[in-house]
Every structure is written in structure tokens, then in C-alpha cells.
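Source file: run_27.csv (CSV, C-alpha atoms)
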```csv
chain,number,residue,atom,x,y,z
A,26,MET,CA,13.5,-17.6,-46.6
A,27,SER,CA,10.2,-19.1,-47.7
A,28,LYS,CA,8.8,-19.1,-44.2
A,29,ASP,CA,6.7,-16.2,-42.9
A,30,ILE,CA,8.0,-14.1,-40.1
A,31,ALA,CA,5.7,-15.6,-37.5
A,32,THR,CA,7.0,-19.1,-38.2
A,33,ARG,CA,10.6,-18.0,-38.1
A,34,VAL,CA,10.1,-16.2,-34.8
A,35,THR,CA,8.3,-19.2,-33.3
A,36,THR,CA,11.1,-21.6,-34.3
A,37,GLY,CA,13.7,-19.2,-33.0
A,38,VAL,CA,12.0,-19.0,-29.6
A,39,GLN,CA,11.7,-22.8,-29.5
A,40,ALA,CA,15.4,-23.1,-30.4
A,41,LEU,CA,16.3,-20.7,-27.6
A,42,ALA,CA,14.3,-22.7,-25.1
A,43,LEU,CA,16.3,-25.9,-25.7
A,44,PRO,CA,19.9,-25.8,-24.5
A,45,GLY,CA,21.1,-28.2,-27.2
A,46,GLN,CA,19.6,-26.2,-30.0
A,47,ARG,CA,20.5,-22.8,-28.6
A,48,GLU,CA,24.1,-23.0,-29.8
A,49,GLY,CA,23.0,-24.2,-33.3
A,50,TRP,CA,20.5,-21.4,-33.6
A,51,GLN,CA,23.1,-18.9,-32.5
A,52,ALA,CA,25.8,-20.2,-34.9
A,53,GLN,CA,23.4,-20.3,-37.8
A,54,HIS,CA,22.0,-16.8,-37.5
A,55,ARG,CA,25.3,-15.2,-36.5
A,56,GLY,CA,27.0,-16.9,-39.5
A,57,SER,CA,24.4,-15.8,-41.9
A,58,LEU,CA,24.6,-12.2,-40.7
A,59,LEU,CA,28.4,-12.2,-40.9
A,60,THR,CA,28.2,-13.7,-44.4
A,61,ASP,CA,25.8,-10.9,-45.5
A,62,ALA,CA,28.2,-8.3,-44.0
A,63,GLN,CA,31.1,-9.8,-46.0
A,64,THR,CA,29.0,-9.8,-49.2
A,65,TYR,CA,28.0,-6.1,-48.7
A,66,ASP,CA,31.7,-5.2,-48.1
A,67,ALA,CA,32.8,-7.0,-51.2
A,68,LEU,CA,30.0,-5.4,-53.2
A,69,ALA,CA,31.0,-1.9,-51.9
A,70,ASP,CA,34.6,-2.6,-52.8
A,71,ALA,CA,33.7,-3.5,-56.4
A,72,ILE,CA,31.4,-0.5,-56.8
A,73,GLN,CA,33.9,1.9,-55.3
A,74,ALA,CA,36.7,0.6,-57.6
A,75,ASP,CA,34.4,1.0,-60.6
A,76,LEU,CA,33.4,4.5,-59.7
A,77,LYS,CA,37.0,5.5,-58.9
A,78,ALA,CA,37.9,4.6,-62.5
A,79,ARG,CA,35.2,6.8,-64.0
A,80,ARG,CA,36.5,10.3,-64.4
A,81,LEU,CA,34.3,13.2,-65.2
A,82,ASP,CA,35.1,16.5,-66.8
A,83,GLY,CA,36.1,19.1,-64.2
A,84,ASP,CA,37.4,16.6,-61.7
A,85,LEU,CA,40.5,17.5,-59.7
A,86,PRO,CA,43.7,15.9,-60.8
A,87,TRP,CA,45.0,12.5,-59.5
A,88,GLY,CA,41.4,11.2,-59.1
A,89,ILE,CA,40.7,12.9,-55.9
A,90,SER,CA,37.1,13.9,-56.9
A,91,ALA,CA,36.3,10.5,-58.3
A,92,ALA,CA,37.5,8.8,-55.1
A,93,ALA,CA,35.5,11.1,-52.9
A,94,ARG,CA,32.4,10.5,-55.1
A,95,ALA,CA,32.9,6.8,-55.0
A,96,ARG,CA,33.2,6.7,-51.2
A,97,LYS,CA,30.0,8.8,-50.9
A,98,ARG,CA,28.1,6.4,-53.2
A,99,VAL,CA,29.1,3.2,-51.3
A,100,LYS,CA,28.6,4.6,-47.8
A,101,PRO,CA,25.1,3.1,-47.5
A,102,LEU,CA,26.5,-0.4,-48.3
A,103,ARG,CA,29.3,0.0,-45.7
A,104,ASP,CA,26.7,1.1,-43.2
A,105,ALA,CA,24.6,-2.0,-44.0
A,106,ALA,CA,27.6,-4.2,-43.5
A,107,LYS,CA,28.4,-2.5,-40.2
A,108,ALA,CA,24.8,-3.0,-39.1
A,109,MET,CA,25.0,-6.7,-40.0
A,110,ARG,CA,28.1,-7.1,-37.8
A,111,GLN,CA,26.4,-5.4,-34.9
A,112,ALA,CA,23.4,-7.6,-35.4
A,113,ALA,CA,25.7,-10.7,-35.2
A,114,LYS,CA,27.0,-9.3,-31.8
A,115,ALA,CA,23.5,-8.8,-30.7
A,116,ILE,CA,22.7,-12.5,-31.3
A,117,ASN,CA,25.4,-13.4,-28.8
A,118,GLY,CA,23.9,-11.0,-26.3
A,119,THR,CA,20.4,-12.3,-26.9
A,120,VAL,CA,21.5,-15.9,-26.2
A,121,ALA,CA,23.4,-14.8,-23.1
A,122,ALA,CA,20.4,-12.9,-21.8
A,123,TYR,CA,18.1,-15.8,-22.4
A,124,GLU,CA,20.4,-18.1,-20.5
A,125,GLU,CA,20.5,-15.6,-17.6
A,126,THR,CA,16.7,-15.8,-17.3
A,127,GLN,CA,16.5,-19.6,-17.0
A,128,PRO,CA,14.7,-20.5,-13.8
A,129,GLU,CA,17.5,-22.6,-12.3
A,130,VAL,CA,20.0,-19.8,-12.9
A,131,VAL,CA,17.7,-17.2,-11.3
A,132,LEU,CA,17.0,-19.4,-8.3
A,133,ARG,CA,20.8,-20.1,-7.8
A,134,ARG,CA,21.5,-16.4,-8.0
A,135,ARG,CA,18.8,-15.5,-5.5
A,136,GLU,CA,20.1,-18.1,-3.0
A,137,ASP,CA,23.6,-16.8,-3.4
A,138,LYS,CA,22.5,-13.3,-2.8
A,139,ALA,CA,20.5,-14.3,0.3
A,140,LEU,CA,23.5,-16.2,1.7
A,141,ARG,CA,25.8,-13.2,1.2
A,142,LYS,CA,23.2,-10.9,2.9
A,143,ALA,CA,23.0,-13.3,5.9
A,144,GLN,CA,26.8,-13.4,6.1
A,145,ARG,CA,27.0,-9.6,6.0
A,146,LYS,CA,24.3,-9.3,8.7
A,147,GLN,CA,26.2,-11.8,10.9
A,148,GLN,CA,29.5,-9.9,10.5
A,149,LEU,CA,27.8,-6.6,11.3
A,150,GLY,CA,26.2,-8.2,14.4
A,151,VAL,CA,29.5,-9.6,15.6
A,152,ALA,CA,31.2,-6.2,15.1
A,153,ALA,CA,28.4,-4.4,16.9
A,154,HIS,CA,28.6,-6.9,19.8
A,155,ASN,CA,32.4,-6.6,20.1
A,156,SER,CA,32.1,-2.8,20.0
A,157,ALA,CA,29.5,-2.8,22.8
A,158,GLN,CA,31.6,-5.2,24.9
A,159,ALA,CA,34.7,-3.0,24.5
A,160,THR,CA,32.7,0.1,25.5
A,161,LEU,CA,31.2,-1.7,28.5
A,162,ARG,CA,34.7,-2.9,29.6
A,163,ARG,CA,36.0,0.7,29.4
A,164,ILE,CA,33.2,2.1,31.5
A,165,ALA,CA,32.7,-0.8,33.9
A,166,PRO,CA,34.4,-0.8,37.3
A,167,GLY,CA,37.5,-3.0,37.7
A,168,GLU,CA,37.2,-6.5,39.1
A,169,GLY,CA,38.4,-5.4,42.6
A,170,ASP,CA,35.4,-3.0,42.9
A,171,ASP,CA,32.3,-4.1,44.5
A,172,ALA,CA,29.9,-2.4,42.0
A,173,PRO,CA,28.3,-4.7,39.4
A,174,ALA,CA,29.6,-4.7,35.8
A,175,GLY,CA,28.3,-1.9,33.7
A,176,ALA,CA,27.6,0.3,36.6
A,177,PRO,CA,28.3,4.0,35.9
A,178,LYS,CA,31.4,5.5,37.4
A,179,LEU,CA,32.1,9.0,38.4
A,180,LEU,CA,34.1,11.2,36.1
A,181,GLY,CA,36.9,11.4,38.6
A,182,ASP,CA,37.3,7.6,38.5
A,183,PHE,CA,38.6,7.8,35.0
A,184,PHE,CA,41.4,10.3,35.9
A,185,GLY,CA,43.2,8.7,38.7
A,186,GLY,CA,43.1,6.8,41.9
A,187,GLY,CA,40.6,7.8,44.6
A,188,ASP,CA,43.0,7.5,47.5
A,189,ARG,CA,45.0,10.6,46.9
A,190,GLN,CA,44.2,13.8,48.6
A,191,GLN,CA,42.3,16.4,46.6
A,192,ARG,CA,43.3,20.0,46.6
A,193,GLY,CA,40.9,22.6,47.8
A,194,ALA,CA,38.8,20.3,49.9
```
Write the structure described by the file as C-alpha cells, please.
Amino acid sequence: MSKDIATRVTTGVQALALPGQREGWQAQHRGSLLTDAQTYDALADAIQADLKARRLDGDLPWGISAAARARKRVKPLRDAAKAMRQAAKAINGTVAAYEETQPEVVLRRREDKALRKAQRKQQLGVAAHNSAQATLRRIAPGEGDDAPAGAPKLLGDFFGGGDRQQRGA
């Protein structure tokens, strides 16, 4: 890593901008992070084994104290290895996020969204029209009546024929 950070960042951004180089940049950086994580794990294993073998006066029998002391001492290395693996996953997320912000992808997504919105509006309009027509048919007079369609009826028209004799009148 002889380059300064500004140069590395600039080359990284340029590599992300070109689809052919994007995968290479991703593989290179992800590979180096995973290699570092494996190196830290191997180093932690070696140090832990060495510290386990060292017994101190006053330790509990069967090496319990030495094992606990060794785990405690290599925890920072294990955490560093874990952070490297998480950084490798973040590289994949960064590349995916960069691909999602490409102008042609954004444009295609907006067009798809507008099309789905127009289809939903059309379906709602058809449903509303059908509902209004059904309501109008229910309240409209029959075809034998001489009133125009959609004319209001009397409440009695809904409960039976008008030719029968009414009680009380």
C-alpha cells in the first residue's frame, strides 16, 4: 500500500463507475479482507495455544485458568478478524448499492412504478364505475316504467307491486 488514501479512493470510485472493472475491484478488496481475517484467526490460534501452555502458580487444575487467560488475551484479534469479515460483506453491499443508483436502473424503476400506478388507478376507476352502475340499476325504475333511468323511486316501490290494495286507506 504505497499509495496515499486519496489516490486509493479515487481509483476505487473510478473502478466502481465502470461495469467491467467493478467485479474486479470487488473481488480484489473482498479477497484481501478475507485473507486478513484468516491471518488474524491463525495468529489468534497460535497465541492462544502458546498462552494455554503457560501455567502460573496458583492456577486452577486442568488448565482452566490458563485457557481463560488465553481467550481473554486473543479476543482483540478475534474481534479484528470478525470486523474484517463484516467489511468483506460490506464490499458486496457497496457494489450492489452503487449498481442500484445507475441512471438507467433508476429510470427503469421509475417507469415501472409509474406503469403500476396507472394500472392501479385504472382498476380502481373500473371498480368505481361498475359499483356506480350497479347502484344505479338497483334504484332505477324497470324497463316497463315510463320514468327515465336513474329517476328516484318511492320507498314503497322497493317493497312490492303498486297494484295491490293498501290497508287503512
Per residue of region 56-103 of chain A within 12 Å of region 114-117 of chain A, record the nearest atom pair and its distance in Å to one decimal, counting only C-alpha atoms, with rows in chain order and ascending residue number, as JSON lines.
```
{"residue": "A:Gly56", "atom": "CA", "partner": "A:Ile116", "partner_atom": "CA", "distance": 10.3}
{"residue": "A:Ser57", "atom": "CA", "partner": "A:Ile116", "partner_atom": "CA", "distance": 11.2}
{"residue": "A:Leu58", "atom": "CA", "partner": "A:Ile116", "partner_atom": "CA", "distance": 9.6}
{"residue": "A:Leu59", "atom": "CA", "partner": "A:Lys114", "partner_atom": "CA", "distance": 9.7}
```
Write out the residues from the selection above, keeping C-alpha atoms, as an mmCIF file, in the coordinates of the input.
```
data_model
loop_
_atom_site.group_PDB
_atom_site.id
_atom_site.type_symbol
_atom_site.label_atom_id
_atom_site.label_comp_id
_atom_site.auth_asym_id
_atom_site.auth_seq_id
_atom_site.Cartn_x
_atom_site.Cartn_y
_atom_site.Cartn_z
ATOM 1 C CA GLY A 56 27.000 -16.900 -39.500
ATOM 2 C CA SER A 57 24.400 -15.800 -41.900
ATOM 3 C CA LEU A 58 24.600 -12.200 -40.700
ATOM 4 C CA LEU A 59 28.400 -12.200 -40.900
#
```
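Shortest separation to Ala69 (chain A) among A:Ala122, A:Ala40, A:Ala152, A:Val99 occurs at residue A:Val99, atoms counted being all atoms listed in the file.
Neighbourhood of point (28.6, 9.4, -50.0): residues with an atom at most 12 Å away, counting only C-alpha atoms, are Ala69, Gln73, Leu76, Ser90, Ala91, Ala92, Ala93, Arg94, Ala95, Arg96, Lys97, Arg98, Val99, Lys100, Pro101, Leu102, Arg103 and Asp104 of chain A.
For the pair CA of Ile89 (chain A) and CA of Ile72 (chain A), the interatomic distance is 16.3 Å.
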Can you pull out the residues contacting Glu124 (chain A)? Cut-off 9 Å, using only C-alpha atoms, and skip same-chain residues under 6 positions away; I want them as number ranges by chain. A: 41-42, 44, 130
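CA of Asp137 (chain A) is found 24.3 Å from CA of Ala153 (chain A).
When CA of Gln127 (chain A) is paired with CA of Glu48 (chain A), their separation reads 15.3 Å.
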Using only C-alpha atoms, which residue out of A:Ile164, A:Ala106, A:Glu136, A:Asp82 lies closest to Leu68 (chain A)? A:Ala106
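Each of A:Asp66, A:Gly150, A:Gly45, A:Ala74 was checked against Ala105 (chain A) using all atoms listed in the file; the smallest atom-to-atom distance is that of A:Asp66.
The closest residue to Gly49 (chain A), picked from A:Ala143, A:Asn155, A:Gln63, A:Val120 and counting all atoms listed in the file, is A:Val120.
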